[in-house]
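Colleague: Provided herewith: data12.cif, mmCIF, C-alpha atoms; chains and numbers go by the auth columns.
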```
data_work
loop_
_atom_site.group_PDB
_atom_site.id
_atom_site.type_symbol
_atom_site.label_atom_id
_atom_site.label_comp_id
_atom_site.label_asym_id
_atom_site.label_seq_id
_atom_site.Cartn_x
_atom_site.Cartn_y
_atom_site.Cartn_z
_atom_site.B_iso_or_equiv
_atom_site.auth_seq_id
_atom_site.auth_asym_id
ATOM 1 C CA MET A 1 -6.871 1.989 -10.586 0.00 241 B
ATOM 2 C CA ALA A 2 -8.534 5.399 -9.999 0.00 242 B
ATOM 3 C CA GLU A 3 -10.595 4.923 -13.157 0.00 243 B
ATOM 4 C CA ARG A 4 -11.989 1.649 -11.857 0.00 244 B
ATOM 5 C CA ALA A 5 -12.795 3.345 -8.554 0.00 245 B
ATOM 6 C CA GLY A 6 -14.590 6.222 -10.312 0.00 246 B
ATOM 7 C CA LEU A 7 -12.126 8.821 -8.999 0.00 247 B
ATOM 8 C CA PRO A 8 -10.285 11.682 -10.695 0.00 248 B
ATOM 9 C CA ALA A 9 -6.601 11.052 -11.434 0.00 249 B
ATOM 10 C CA ILE A 10 -3.724 13.443 -12.160 0.00 250 B
ATOM 11 C CA LEU A 11 -0.589 12.531 -14.101 0.00 251 B
ATOM 12 C CA LEU A 12 2.297 14.623 -12.694 0.00 252 B
ATOM 13 C CA ILE A 13 5.369 15.288 -14.836 0.00 253 B
ATOM 14 C CA TYR A 14 8.720 16.094 -13.238 0.00 254 B
ATOM 15 C CA ASN A 15 11.530 17.359 -15.477 0.00 255 B
ATOM 16 C CA THR A 16 14.811 15.805 -14.279 0.00 256 B
ATOM 17 C CA ILE A 17 16.807 16.905 -17.327 0.00 257 B
ATOM 18 C CA ASP A 18 16.585 20.716 -17.093 0.00 258 B
ATOM 19 C CA PRO A 19 17.781 22.161 -13.754 0.00 259 B
ATOM 20 C CA HIS A 20 15.406 25.111 -14.238 0.00 260 B
ATOM 21 C CA GLN A 21 12.614 22.644 -15.060 0.00 261 B
ATOM 22 C CA ASP A 22 11.345 24.750 -17.962 0.00 262 B
ATOM 23 C CA PHE A 23 12.600 23.259 -21.223 0.00 263 B
ATOM 24 C CA GLY A 24 9.973 20.819 -22.445 0.00 264 B
ATOM 25 C CA THR A 25 7.639 21.543 -19.543 0.00 265 B
ATOM 26 C CA GLU A 26 6.376 25.036 -20.305 0.00 266 B
ATOM 27 C CA SER A 27 2.638 25.657 -20.645 0.00 267 B
ATOM 28 C CA HIS A 28 2.666 25.431 -24.439 0.00 268 B
ATOM 29 C CA ASP A 29 4.433 22.046 -24.183 0.00 269 B
ATOM 30 C CA PHE A 30 1.607 20.703 -22.019 0.00 270 B
ATOM 31 C CA PHE A 31 -1.102 22.084 -24.310 0.00 271 B
ATOM 32 C CA SER A 32 0.606 20.664 -27.395 0.00 272 B
ATOM 33 C CA ALA A 33 1.056 17.235 -25.842 0.00 273 B
ATOM 34 C CA MET A 34 -2.468 17.129 -24.451 0.00 274 B
ATOM 35 C CA TYR A 35 -4.527 18.781 -27.193 0.00 275 B
ATOM 36 C CA GLY A 36 -2.305 18.730 -30.291 0.00 276 B
ATOM 37 C CA GLU A 37 0.339 20.807 -31.973 0.00 277 B
ATOM 38 C CA MET A 38 -0.365 24.515 -32.429 0.00 278 B
ATOM 39 C CA THR A 39 -1.391 25.049 -36.031 0.00 279 B
ATOM 40 C CA VAL A 40 -1.837 28.317 -37.891 0.00 280 B
ATOM 41 C CA ARG A 41 -4.004 28.347 -40.997 0.00 281 B
ATOM 42 C CA LEU A 42 -3.063 30.839 -43.709 0.00 282 B
ATOM 43 C CA ALA A 43 -5.287 32.618 -46.216 0.00 283 B
ATOM 44 C CA ASP A 44 -3.584 34.779 -48.837 0.00 284 B
ATOM 45 C CA ASN A 45 -0.295 34.311 -46.957 0.00 285 B
ATOM 46 C CA GLN A 46 -1.821 35.831 -43.823 0.00 286 B
ATOM 47 C CA PRO A 47 -2.675 33.963 -40.606 0.00 287 B
ATOM 48 C CA CYS A 48 -6.444 33.639 -40.372 0.00 288 B
ATOM 49 C CA GLU A 49 -6.886 31.207 -37.466 0.00 289 B
ATOM 50 C CA SER A 50 -4.889 29.159 -35.004 0.00 290 B
ATOM 51 C CA PHE A 51 -5.850 25.972 -33.223 0.00 291 B
ATOM 52 C CA HIS A 52 -4.462 22.831 -31.666 0.00 292 B
ATOM 53 C CA GLY A 53 -4.205 20.265 -34.428 0.00 293 B
ATOM 54 C CA ARG A 54 -2.618 16.858 -34.881 0.00 294 B
ATOM 55 C CA ASN A 55 -0.972 14.543 -32.361 0.00 295 B
ATOM 56 C CA ALA A 56 -3.381 15.242 -29.502 0.00 296 B
ATOM 57 C CA LYS A 57 -2.888 12.656 -26.770 0.00 297 B
ATOM 58 C CA LEU A 58 -6.141 13.494 -24.957 0.00 298 B
ATOM 59 C CA ARG A 59 -9.411 12.951 -26.789 0.00 299 B
ATOM 60 C CA ASN A 60 -12.956 11.760 -26.112 0.00 300 B
ATOM 61 C CA ASP A 61 -11.859 8.224 -26.906 0.00 301 B
ATOM 62 C CA GLU A 62 -8.256 8.211 -25.642 0.00 302 B
ATOM 63 C CA ASN A 63 -6.628 8.883 -22.263 0.00 303 B
ATOM 64 C CA CYS A 64 -9.886 10.065 -20.724 0.00 304 B
ATOM 65 C CA CYS A 65 -8.870 8.340 -17.464 0.00 305 B
ATOM 66 C CA PHE A 66 -6.620 11.311 -16.609 0.00 306 B
ATOM 67 C CA SER A 67 -8.557 14.209 -15.113 0.00 307 B
ATOM 68 C CA ALA A 68 -5.539 16.471 -15.481 0.00 308 B
ATOM 69 C CA VAL A 69 -1.855 16.498 -16.365 0.00 309 B
ATOM 70 C CA GLY A 70 0.424 18.457 -14.092 0.00 310 B
ATOM 71 C CA HIS A 71 3.913 19.864 -13.778 0.00 311 B
ATOM 72 C CA LEU A 72 5.765 19.279 -10.514 0.00 312 B
ATOM 73 C CA ARG A 73 8.617 21.765 -10.067 0.00 313 B
ATOM 74 C CA CYS A 74 11.144 21.592 -7.257 0.00 314 B
ATOM 75 C CA LEU A 75 12.849 24.944 -6.925 0.00 315 B
ATOM 76 C CA ALA A 76 15.554 26.019 -4.479 0.00 316 B
ATOM 77 C CA ASN A 77 13.212 26.835 -1.614 0.00 317 B
ATOM 78 C CA ARG A 78 9.767 25.623 -2.676 0.00 318 B
ATOM 79 C CA VAL A 79 7.749 23.107 -4.636 0.00 319 B
ATOM 80 C CA GLU A 80 5.175 24.177 -7.231 0.00 320 B
ATOM 81 C CA VAL A 81 2.400 22.197 -8.874 0.00 321 B
ATOM 82 C CA LYS A 82 0.536 23.430 -11.934 0.00 322 B
ATOM 83 C CA ILE A 83 -2.203 21.215 -13.323 0.00 323 B
ATOM 84 C CA TYR A 84 -3.894 21.386 -16.716 0.00 324 B
ATOM 85 C CA GLU A 85 -7.488 20.222 -16.998 0.00 325 B
ATOM 86 C CA ASN A 86 -8.379 17.363 -19.320 0.00 326 B
ATOM 87 C CA VAL A 87 -11.712 18.461 -20.796 0.00 327 B
ATOM 88 C CA TYR A 88 -12.283 14.884 -21.971 0.00 328 B
ATOM 89 C CA ALA A 89 -11.854 13.332 -18.513 0.00 329 B
ATOM 90 C CA GLN A 90 -14.275 10.613 -17.595 0.00 330 B
ATOM 91 C CA TYR A 91 -14.035 11.806 -13.977 0.00 331 B
ATOM 92 C CA PRO A 92 -13.418 15.591 -13.853 0.00 332 B
ATOM 93 C CA LEU A 93 -11.528 17.179 -10.993 0.00 333 B
ATOM 94 C CA PRO A 94 -13.523 18.691 -8.134 0.00 334 B
ATOM 95 C CA PHE A 95 -12.298 22.189 -9.047 0.00 335 B
ATOM 96 C CA GLN A 96 -13.837 23.831 -5.982 0.00 336 B
ATOM 97 C CA ASP A 97 -11.729 21.541 -3.745 0.00 337 B
ATOM 98 C CA ILE A 98 -8.323 22.228 -5.327 0.00 338 B
ATOM 99 C CA PRO A 99 -6.193 24.057 -2.726 0.00 339 B
ATOM 100 C CA SER A 100 -4.980 27.529 -3.675 0.00 340 B
ATOM 101 C CA CYS A 101 -1.329 26.414 -3.462 0.00 341 B
ATOM 102 C CA ILE A 102 -1.907 24.393 -6.666 0.00 342 B
ATOM 103 C CA GLU A 103 -2.161 26.439 -9.848 0.00 343 B
ATOM 104 C CA LEU A 104 -5.041 25.167 -11.963 0.00 344 B
ATOM 105 C CA VAL A 105 -5.364 25.849 -15.686 0.00 345 B
ATOM 106 C CA ARG A 106 -8.937 25.297 -16.835 0.00 346 B
ATOM 107 C CA VAL A 107 -9.576 24.575 -20.511 0.00 347 B
ATOM 108 C CA TYR A 108 -12.552 24.953 -22.824 0.00 348 B
ATOM 109 C CA VAL A 109 -13.190 23.502 -26.248 0.00 349 B
ATOM 110 C CA ASP A 110 -15.083 25.421 -28.912 0.00 350 B
ATOM 111 C CA ASP A 111 -15.697 23.992 -32.392 0.00 351 B
ATOM 112 C CA ASN A 112 -12.952 21.405 -31.866 0.00 352 B
ATOM 113 C CA GLN A 113 -10.485 24.089 -30.841 0.00 353 B
ATOM 114 C CA THR A 114 -8.920 24.050 -27.381 0.00 354 B
ATOM 115 C CA PHE A 115 -7.928 27.158 -25.459 0.00 355 B
ATOM 116 C CA PRO A 116 -6.814 27.981 -21.929 0.00 356 B
ATOM 117 C CA LYS A 117 -9.785 29.202 -19.924 0.00 357 B
ATOM 118 C CA LEU A 118 -8.970 32.723 -18.711 0.00 358 B
#
```
The structure given in the file should be rewritten as structure tokens.

Modeller:
Amino acid sequence: MAERAGLPAILLIYNTIDPHQDFGTESHDFFSAMYGEMTVRLADNQPCESFHGRNAKLRNDENCCFSAVGHLRCLANRVEVKIYENVYAQYPLPFQDIPSCIELVRVYVDDNQTFPKL
């Protein structure tokens, strides 16, 4: 619906299985699901590069309707939201308008490699 309206959309994930809401919803889990499994290339039995490889669910041609994927955590006395940018989004988030109570993880892609933007 948001895609047809030309608006950004966020897919929020809530972990009902783990009471601490960590297992399966840590940052590396989001990056792996969104941009592919972490892969380390070896040269002479030594790691020479790492990158997100196969099984990426977000690409230029797939799932570009989501502007971000987020983690909704309900803790004992507060609620937290952390959202991860989809660099392939057809309608990017208005980053300057995201309230400070929402943690935003920006991402950049370089030579087909995806990294958190620090």

Colleague: Taking the file as shown, find all residues satisfying the PyMOL selection byres ((chain B and resi 320) around 9) and write them as a ChimeraX atom specification.

Modeller: /B:311-315,318-319,321-322,341-343

Colleague: Nearest residue to B:His260 out of B:Val347, B:Ile338, B:Tyr328, B:Ala316, using all atoms listed in the file?

Modeller: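 Among B:Val347, B:Ile338, B:Tyr328, B:Ala316, it is B:Ala316 that comes nearest to B:His260.
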
Colleague: Report the distance between atom CA of B:Glu325 and atom CA of B:Ala308 in Å, rounded to one decimal place.

Modeller: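 We find that atom CA of B:Glu325 and atom CA of B:Ala308 lie 4.5 Å from each other.
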
Colleague: Select, from B:Cys288, B:Tyr324, B:Arg281, B:Gly310, the residue with the minimum atom-to-atom distance to B:Asn255, counting all atoms listed in the file.

Modeller: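 That would be B:Gly310, the residue with the smallest distance to B:Asn255.
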
Colleague: Let me have the centre and edge lengths of the axis-aligned box enclosing all listed atoms of stretch 306-317 of chain B with 4 Å padding on every side, in Å to one decimal, as JSON.

Modeller:
```
{"center_x": 3.5, "center_y": 19.1, "center_z": -9.1, "size_x": 32.1, "size_y": 23.5, "size_z": 23.0}
```

Colleague: Nearest to B:Ile323 among B:Ala273, B:Val309, B:Leu251, B:Cys304, with distances taken over only C-alpha atoms: which residue is it?

Modeller: B:Val309

Colleague: Please determine, counting all atoms listed in the file, which residue among B:Leu252, B:Met274, B:Asn317, B:Asn285 has the shortest atom-to-atom distance to B:Ala329.

Modeller: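 Of B:Leu252, B:Met274, B:Asn317, B:Asn285, the one nearest B:Ala329, counting all atoms listed in the file, is B:Met274.
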